[in-house]
Amino acid sequence: MTIWKAPWFWSWAAGALAFAATLLLTDGRNGGDLLSAALTFASFSAIVGIGQMFVITLGPGNVDLSIPASMTLAGTLSLKFMGGDAALIVPGLMVALGVGFGAGVFNYLLIRLLRIPPIIATLSASFIFQSIAIWSNRGLRIKPPQSLSDFTTGATLGVPNLALVALVLAVIAWVILDRSIFGRWLSAFGQNERAARLSGVPIEGVRALTYIGCATLAGLTGFLLASFSGGAALNMGTEYLLVSIAVVVIGGSSIAGGNSNVPGIWGGALFMFLIVSMLNSYGLGAGVRLIVTGGIIIGIVAAASKKGARA
Amino acid sequence: MSKAKFLSAVALVAATLPAAGFADTSDKRIALSNNYAGNSWRQAMLESWAKIGDQAVSDGVIAAADAFTTSENQATEQAAQIQNMILQGYDAIVINAASPTALNGAIAEACGAGITVVSFDGIVTEPCAWRIAVDFKEMGRQQVEYLAERIEDGGNLLEIRGLAGVFVDDEIHAGIAQGVEENDKFTIAGEVNGDWAQDVAQKAVAGILPSLPEIVGVVTQGGDGYGAAQAIKAAGRDTPIIVLGNRKDEMQWWAEQRDANGYETMSLSIAPGVSTLALWVAQQILDGAEVPKDLTVPFLTVTQDTLDEALESTPDGSVANVEYSLDDAKAVIAEAQ
């Protein structure tokens, strides 16, 4: 298989082009700064994107719209719990993961027990999560413990710590998707649910784990983002709804499910940051920026889906 | 109005007590129709309303001051909410609108039913309603004005805008553009959308910084200054003068910088307590007072001198606030006449 036929190739190529175009403007200076910023901010998109990718792999109609609300709720509750105390960082992380886990269970129960379509179930669940977040803290920003804040904004050997975390998660996700029986089940589910069930795939277990995993990753992202930006805000997750879906699609995963890849998530996440940086750097207004971003996304998806079919 | 007056909010609340003597509106019920509650500014706005509204009710100035918020920030939903309020027989509806035009039908219906409608912050164009508007353009202009005083040689500015396509963003941006035109020693070297959120602003600024020359000042729209400061720090650049938007974390950061290296800047925004100004204006109209249809909200400005005071009175994680009194409302009305 040649590399440009890989479904994730186009997202990486577009990201690299955007990077090069930005550096053209600075005559090659500050490339390190831009790369480091891109890695940092792409980490958030990559982590929620991985969760969303697993959900989308389940097939048509499967998408988690509660990601922003789960992020906000996990960020709000965990930062409130820690109250700036460095001794509570690990329990605080557990709170965030627990909130995400709980959100995932809730989503799944709505889908399974009430037989609500996932789009409606996760959307209505997100109202509940958001309301709990508002009710619990009234939108007040509580600062993260200093050492946690230093970790999330810091770097190890020149690589942002957040990027390392997201990279490890991406490797784990890749192993699960491409090298484990769960990954096979997931793809089988997405390609044909009925065939998968008849061939003995525990489809309800797969679905439950996927939604729970996605929400748990959203909880983790909320925790990291709130620690990184100096506190949880009620609107902190808003942009990650579209981004989480966009990175999956740009990364070359099939929106119809059953066929996903992890490298594309990182390619898509880096691209989404770099394209905005590039257009900002060239001084284009918000309107032009949105049009160009949309156009490029369509282009990548078209290119990726053509090549992906043969890959 | 003087800054000292704004910042003595608590004292002003006490000043509302003598107003209890008004009997004309004691049986009047006022409702708040609010389109959004998902950020700290709106939360503070609702809290101020509840605090002053409850006080006014227990003092017998009005009979009810109930707040209602729509869940989806949709004009259609808010129009339905207003229709419910008409059926419930409120005497006045105070509204922070999801759209300047889309609610006009519902508002005309309310006016037709003899209900007083007062819009604020998110104002409406329906002529029968009162408008308590923010001069956002002036807010942008004043930032550049301040930078012009501070930076003699001028230089490059970074502009952080709000949510693209929203009226407020266009207005503040126009004000900043006007300010730069008046002070041509400044150039806007870069422009990003921070969506009024610290994390979005931080991300956008981090992305554009590598391509920017030296920046002497950052003009903002509120809720984005701290994120910009974080991004600039992460890039290892000197901190320019960042005009802030009265958020507690921004002011805390400002105080830290001031204590460490004498950093000076200014901060301005609209106090969320503007909802209470609208409440009193509605009460005045119900009371039969002659009130012009267009009123202007004063800015709440924090300066180097008032920073400590503002920090102390602002709850952690919230935004600097004042609650307005009946006398403040009368002053704003008198000013417009």
# chains A, B, ... in the order shown; residues from 1 in each chain; ligands from 1
>>> closest_atom_pairs(of="chain B", to="chain A", cutoff="7 Å", atoms="only C-alpha atoms", output="JSON lines")
{"residue": "B:Gly38", "atom": "CA", "partner": "A:Leu234", "partner_atom": "CA", "distance": 5.6}
{"residue": "B:Asn39", "atom": "CA", "partner": "A:Leu234", "partner_atom": "CA", "distance": 5.3}
{"residue": "B:Ser40", "atom": "CA", "partner": "A:Gly139", "partner_atom": "CA", "distance": 4.5}
{"residue": "B:Gln43", "atom": "CA", "partner": "A:Arg138", "partner_atom": "CA", "distance": 6.1}
{"residue": "B:Ala164", "atom": "CA", "partner": "A:Ala286", "partner_atom": "CA", "distance": 6.1}
{"residue": "B:Gly190", "atom": "CA", "partner": "A:Gly283", "partner_atom": "CA", "distance": 6.4}
{"residue": "B:Glu191", "atom": "CA", "partner": "A:Asn280", "partner_atom": "CA", "distance": 6.6}
{"residue": "B:Val192", "atom": "CA", "partner": "A:Asn280", "partner_atom": "CA", "distance": 6.2}
{"residue": "B:Gln198", "atom": "CA", "partner": "A:Ser229", "partner_atom": "CA", "distance": 7.0}
{"residue": "B:Asp199", "atom": "CA", "partner": "A:Ser229", "partner_atom": "CA", "distance": 5.5}
{"residue": "B:Lys203", "atom": "CA", "partner": "A:Phe41", "partner_atom": "CA", "distance": 6.6}
{"residue": "B:Ala204", "atom": "CA", "partner": "A:Ser277", "partner_atom": "CA", "distance": 7.0}
{"residue": "B:Ala206", "atom": "CA", "partner": "A:Ala37", "partner_atom": "CA", "distance": 6.0}
{"residue": "B:Gly207", "atom": "CA", "partner": "A:Ser277", "partner_atom": "CA", "distance": 4.6}
{"residue": "B:Ile208", "atom": "CA", "partner": "A:Ser277", "partner_atom": "CA", "distance": 5.3}
{"residue": "B:Pro210", "atom": "CA", "partner": "A:Asn30", "partner_atom": "CA", "distance": 5.3}
{"residue": "B:Ser211", "atom": "CA", "partner": "A:Thr26", "partner_atom": "CA", "distance": 5.3}
{"residue": "B:Gly227", "atom": "CA", "partner": "A:Ser229", "partner_atom": "CA", "distance": 6.9}
{"residue": "B:Ala235", "atom": "CA", "partner": "A:Asp33", "partner_atom": "CA", "distance": 6.6}
{"residue": "B:Asp316", "atom": "CA", "partner": "A:Leu140", "partner_atom": "CA", "distance": 6.6}
{"residue": "B:Gly317", "atom": "CA", "partner": "A:Arg141", "partner_atom": "CA", "distance": 3.9}
{"residue": "B:Ser318", "atom": "CA", "partner": "A:Leu140", "partner_atom": "CA", "distance": 5.4}
>>> residues_around(residues="A:Ala16", least_positions_apart="3", cutoff="10 Å", atoms="only C-alpha atoms", output="CSV table (one decimal) with N, CA, C and O atoms, in the first residue's frame")
chain,number,residue,atom,x,y,z
A,10,TRP,N,-4.2,12.4,3.6
A,10,TRP,CA,-4.6,13.8,3.1
A,10,TRP,C,-4.7,14.8,4.3
A,10,TRP,O,-4.4,15.9,4.1
A,11,SER,N,-5.1,14.3,5.4
A,11,SER,CA,-5.2,15.2,6.6
A,11,SER,C,-3.8,15.7,7.0
A,11,SER,O,-3.6,16.8,7.3
A,12,TRP,N,-2.9,14.7,7.0
A,12,TRP,CA,-1.5,15.1,7.3
A,12,TRP,C,-0.9,16.0,6.2
A,12,TRP,O,-0.2,17.0,6.6
A,13,ALA,N,-1.2,15.7,5.0
A,13,ALA,CA,-0.6,16.5,3.9
A,13,ALA,C,-1.2,18.0,4.0
A,13,ALA,O,-0.4,18.9,3.9
A,19,PHE,N,1.0,24.4,7.7
A,19,PHE,CA,2.2,24.8,8.5
A,19,PHE,C,3.2,25.5,7.6
A,19,PHE,O,3.7,26.6,8.0
A,20,ALA,N,3.5,25.0,6.5
A,20,ALA,CA,4.5,25.6,5.6
A,20,ALA,C,4.0,26.9,5.1
A,20,ALA,O,4.8,27.9,5.1
A,21,ALA,N,2.7,27.1,4.8
A,21,ALA,CA,2.2,28.4,4.3
A,21,ALA,C,2.3,29.4,5.4
A,21,ALA,O,2.6,30.6,5.1
A,22,THR,N,2.1,29.0,6.7
A,22,THR,CA,2.3,30.0,7.7
A,22,THR,C,3.7,30.4,7.9
A,22,THR,O,4.0,31.6,8.1
A,267,GLY,N,-3.9,13.8,12.5
A,267,GLY,CA,-3.7,14.6,11.3
A,267,GLY,C,-4.8,15.7,11.2
A,267,GLY,O,-4.5,16.8,11.0
A,270,LEU,N,-4.3,18.3,14.1
A,270,LEU,CA,-3.3,19.3,13.8
A,270,LEU,C,-3.7,20.2,12.7
A,270,LEU,O,-3.5,21.5,12.7
A,271,PHE,N,-4.4,19.7,11.7
A,271,PHE,CA,-4.9,20.5,10.6
A,271,PHE,C,-5.8,21.5,11.0
A,271,PHE,O,-5.7,22.7,10.7
A,274,LEU,N,-3.9,24.3,12.6
A,274,LEU,CA,-3.0,25.0,11.7
A,274,LEU,C,-3.7,25.8,10.7
A,274,LEU,O,-3.2,26.9,10.3
A,275,ILE,N,-4.8,25.3,10.2
A,275,ILE,CA,-5.6,26.0,9.1
A,275,ILE,C,-6.1,27.4,9.7
A,275,ILE,O,-6.0,28.4,9.0
>>> atom_distance(atom1="atom CA of B:Glu126", atom2="atom CA of B:Asn104")
5.2 Å
>>> select_by_dssp(residues="stretch 142-204 of chain B", states="strand (DSSP E)", output="list in words")
Gly155, Asn156, Leu157, Leu158, Glu159, Ile160, Arg161, Phe186, Thr187, Ile188, Ala189, Gly190, Glu191, Val192 and Asn193 of chain B
>>> write_last_selection(atoms="all heavy atoms", output="mmCIF file, in the first residue's frame")
data_model
loop_
_atom_site.group_PDB
_atom_site.id
_atom_site.type_symbol
_atom_site.label_atom_id
_atom_site.label_comp_id
_atom_site.auth_asym_id
_atom_site.auth_seq_id
_atom_site.Cartn_x
_atom_site.Cartn_y
_atom_site.Cartn_z
ATOM 1 N N GLY B 155 2.597 51.536 17.680
ATOM 2 C CA GLY B 155 3.151 50.231 17.333
ATOM 3 C C GLY B 155 2.063 49.280 16.885
ATOM 4 O O GLY B 155 0.981 49.705 16.469
ATOM 5 N N ASN B 156 2.356 47.988 17.000
ATOM 6 C CA ASN B 156 1.421 46.971 16.524
ATOM 7 C C ASN B 156 0.467 46.512 17.619
ATOM 8 O O ASN B 156 0.872 46.289 18.750
ATOM 9 C CB ASN B 156 2.201 45.744 16.027
ATOM 10 C CG ASN B 156 2.996 46.077 14.790
ATOM 11 O OD1 ASN B 156 2.461 46.603 13.817
ATOM 12 N ND2 ASN B 156 4.290 45.812 14.845
ATOM 13 N N LEU B 157 -0.797 46.384 17.246
ATOM 14 C CA LEU B 157 -1.794 45.886 18.182
ATOM 15 C C LEU B 157 -2.308 44.536 17.708
ATOM 16 O O LEU B 157 -2.368 44.261 16.512
ATOM 17 C CB LEU B 157 -2.980 46.852 18.279
ATOM 18 C CG LEU B 157 -2.701 48.295 18.694
ATOM 19 C CD1 LEU B 157 -4.013 49.053 18.793
ATOM 20 C CD2 LEU B 157 -1.963 48.350 20.020
ATOM 21 N N LEU B 158 -2.682 43.725 18.675
ATOM 22 C CA LEU B 158 -3.378 42.473 18.369
ATOM 23 C C LEU B 158 -4.824 42.654 18.797
ATOM 24 O O LEU B 158 -5.086 43.100 19.921
ATOM 25 C CB LEU B 158 -2.729 41.310 19.131
ATOM 26 C CG LEU B 158 -3.464 39.962 19.093
ATOM 27 C CD1 LEU B 158 -3.565 39.440 17.672
ATOM 28 C CD2 LEU B 158 -2.738 38.935 19.971
ATOM 29 N N GLU B 159 -5.749 42.372 17.896
ATOM 30 C CA GLU B 159 -7.161 42.519 18.245
ATOM 31 C C GLU B 159 -7.793 41.147 18.444
ATOM 32 O O GLU B 159 -7.721 40.286 17.574
ATOM 33 C CB GLU B 159 -7.918 43.270 17.136
ATOM 34 C CG GLU B 159 -9.396 43.427 17.491
ATOM 35 C CD GLU B 159 -10.231 44.090 16.398
ATOM 36 O OE1 GLU B 159 -9.666 44.514 15.379
ATOM 37 O OE2 GLU B 159 -11.452 44.159 16.603
ATOM 38 N N ILE B 160 -8.407 40.976 19.602
ATOM 39 C CA ILE B 160 -9.139 39.733 19.838
ATOM 40 C C ILE B 160 -10.614 40.034 19.702
ATOM 41 O O ILE B 160 -11.161 40.860 20.431
ATOM 42 C CB ILE B 160 -8.830 39.163 21.226
ATOM 43 C CG1 ILE B 160 -7.318 38.986 21.357
ATOM 44 C CG2 ILE B 160 -9.549 37.833 21.430
ATOM 45 C CD1 ILE B 160 -6.902 38.422 22.656
ATOM 46 N N ARG B 161 -11.246 39.400 18.746
ATOM 47 C CA ARG B 161 -12.661 39.649 18.507
ATOM 48 C C ARG B 161 -13.515 38.601 19.199
ATOM 49 O O ARG B 161 -13.002 37.639 19.765
ATOM 50 C CB ARG B 161 -12.937 39.669 16.995
ATOM 51 C CG ARG B 161 -12.161 40.778 16.294
ATOM 52 C CD ARG B 161 -12.552 40.928 14.853
ATOM 53 N NE ARG B 161 -13.987 41.167 14.688
ATOM 54 C CZ ARG B 161 -14.545 41.550 13.545
ATOM 55 N NH1 ARG B 161 -13.781 41.724 12.485
ATOM 56 N NH2 ARG B 161 -15.846 41.737 13.460
ATOM 57 N N PHE B 186 -0.939 53.539 15.577
ATOM 58 C CA PHE B 186 -1.174 52.116 15.808
ATOM 59 C C PHE B 186 -1.573 51.406 14.520
ATOM 60 O O PHE B 186 -2.233 51.982 13.665
ATOM 61 C CB PHE B 186 -2.312 51.916 16.815
ATOM 62 C CG PHE B 186 -1.943 52.304 18.221
ATOM 63 C CD1 PHE B 186 -2.645 53.293 18.892
ATOM 64 C CD2 PHE B 186 -0.889 51.678 18.872
ATOM 65 C CE1 PHE B 186 -2.313 53.638 20.186
ATOM 66 C CE2 PHE B 186 -0.553 52.021 20.164
ATOM 67 C CZ PHE B 186 -1.261 53.009 20.824
ATOM 68 N N THR B 187 -1.142 50.153 14.397
ATOM 69 C CA THR B 187 -1.606 49.296 13.310
ATOM 70 C C THR B 187 -2.138 48.013 13.948
ATOM 71 O O THR B 187 -1.545 47.516 14.896
ATOM 72 C CB THR B 187 -0.428 48.857 12.400
ATOM 73 O OG1 THR B 187 0.647 49.760 12.594
ATOM 74 C CG2 THR B 187 -0.838 48.782 10.971
ATOM 75 N N ILE B 188 -3.247 47.509 13.410
ATOM 76 C CA ILE B 188 -3.713 46.196 13.861
ATOM 77 C C ILE B 188 -2.907 45.151 13.091
ATOM 78 O O ILE B 188 -3.105 44.960 11.897
ATOM 79 C CB ILE B 188 -5.216 46.007 13.583
ATOM 80 C CG1 ILE B 188 -6.054 47.088 14.260
ATOM 81 C CG2 ILE B 188 -5.668 44.605 14.001
ATOM 82 C CD1 ILE B 188 -6.262 46.927 15.737
ATOM 83 N N ALA B 189 -1.970 44.501 13.789
ATOM 84 C CA ALA B 189 -1.076 43.562 13.102
ATOM 85 C C ALA B 189 -1.729 42.195 12.948
ATOM 86 O O ALA B 189 -1.367 41.425 12.063
ATOM 87 C CB ALA B 189 0.230 43.427 13.874
ATOM 88 N N GLY B 190 -2.655 41.895 13.801
ATOM 89 C CA GLY B 190 -3.309 40.583 13.718
ATOM 90 C C GLY B 190 -4.669 40.633 14.368
ATOM 91 O O GLY B 190 -4.924 41.465 15.238
ATOM 92 N N GLU B 191 -5.529 39.747 13.905
ATOM 93 C CA GLU B 191 -6.899 39.736 14.402
ATOM 94 C C GLU B 191 -7.348 38.285 14.510
ATOM 95 O O GLU B 191 -7.229 37.522 13.568
ATOM 96 C CB GLU B 191 -7.758 40.499 13.394
ATOM 97 C CG GLU B 191 -9.208 40.600 13.718
ATOM 98 C CD GLU B 191 -9.991 41.182 12.534
ATOM 99 O OE1 GLU B 191 -9.554 42.206 11.967
ATOM 100 O OE2 GLU B 191 -11.012 40.585 12.176
ATOM 101 N N VAL B 192 -7.823 37.891 15.689
ATOM 102 C CA VAL B 192 -8.318 36.517 15.858
ATOM 103 C C VAL B 192 -9.678 36.555 16.544
ATOM 104 O O VAL B 192 -10.037 37.546 17.174
ATOM 105 C CB VAL B 192 -7.355 35.646 16.708
ATOM 106 C CG1 VAL B 192 -6.017 35.503 16.025
ATOM 107 C CG2 VAL B 192 -7.190 36.228 18.110
ATOM 108 N N ASN B 193 -10.433 35.477 16.417
ATOM 109 C CA ASN B 193 -11.715 35.373 17.113
ATOM 110 C C ASN B 193 -11.542 34.553 18.388
ATOM 111 O O ASN B 193 -11.177 33.390 18.337
ATOM 112 C CB ASN B 193 -12.762 34.705 16.217
ATOM 113 C CG ASN B 193 -13.205 35.644 15.121
ATOM 114 O OD1 ASN B 193 -12.562 35.752 14.087
ATOM 115 N ND2 ASN B 193 -14.279 36.364 15.367
#
>>> residues_around(residues="B:Ala310", least_positions_apart="4", cutoff="8 Å", atoms="only C-alpha atoms", output="number ranges by chain")
B: 7, 302, 306, 314, 320
>>> write_last_selection(atoms="N, CA and C atoms", output="PDB file, in the first residue's frame")
ATOM      1  N   LEU B   7     -18.544  51.428  42.220  1.00  0.00           N
ATOM      2  CA  LEU B   7     -17.891  50.416  43.031  1.00  0.00           C
ATOM      3  C   LEU B   7     -18.442  50.355  44.442  1.00  0.00           C
ATOM      4  N   VAL B 302     -12.489  49.516  35.527  1.00  0.00           N
ATOM      5  CA  VAL B 302     -11.570  49.294  36.646  1.00  0.00           C
ATOM      6  C   VAL B 302     -10.221  49.865  36.230  1.00  0.00           C
ATOM      7  N   THR B 306      -8.479  51.485  41.284  1.00  0.00           N
ATOM      8  CA  THR B 306      -9.644  50.810  41.859  1.00  0.00           C
ATOM      9  C   THR B 306      -9.521  49.288  41.776  1.00  0.00           C
ATOM     10  N   THR B 314     -15.423  41.259  43.939  1.00  0.00           N
ATOM     11  CA  THR B 314     -15.833  40.290  42.920  1.00  0.00           C
ATOM     12  C   THR B 314     -15.620  38.868  43.438  1.00  0.00           C
ATOM     13  N   ALA B 320     -16.630  41.494  37.660  1.00  0.00           N
ATOM     14  CA  ALA B 320     -16.916  42.665  38.488  1.00  0.00           C
ATOM     15  C   ALA B 320     -18.348  43.126  38.239  1.00  0.00           C
TER      16      ALA B 320
END
>>> closest_residue(among="B:Phe136, B:Tyr146, B:Tyr36, B:Trp196", to="B:Phe167", atoms="only C-alpha atoms")
B:Phe136
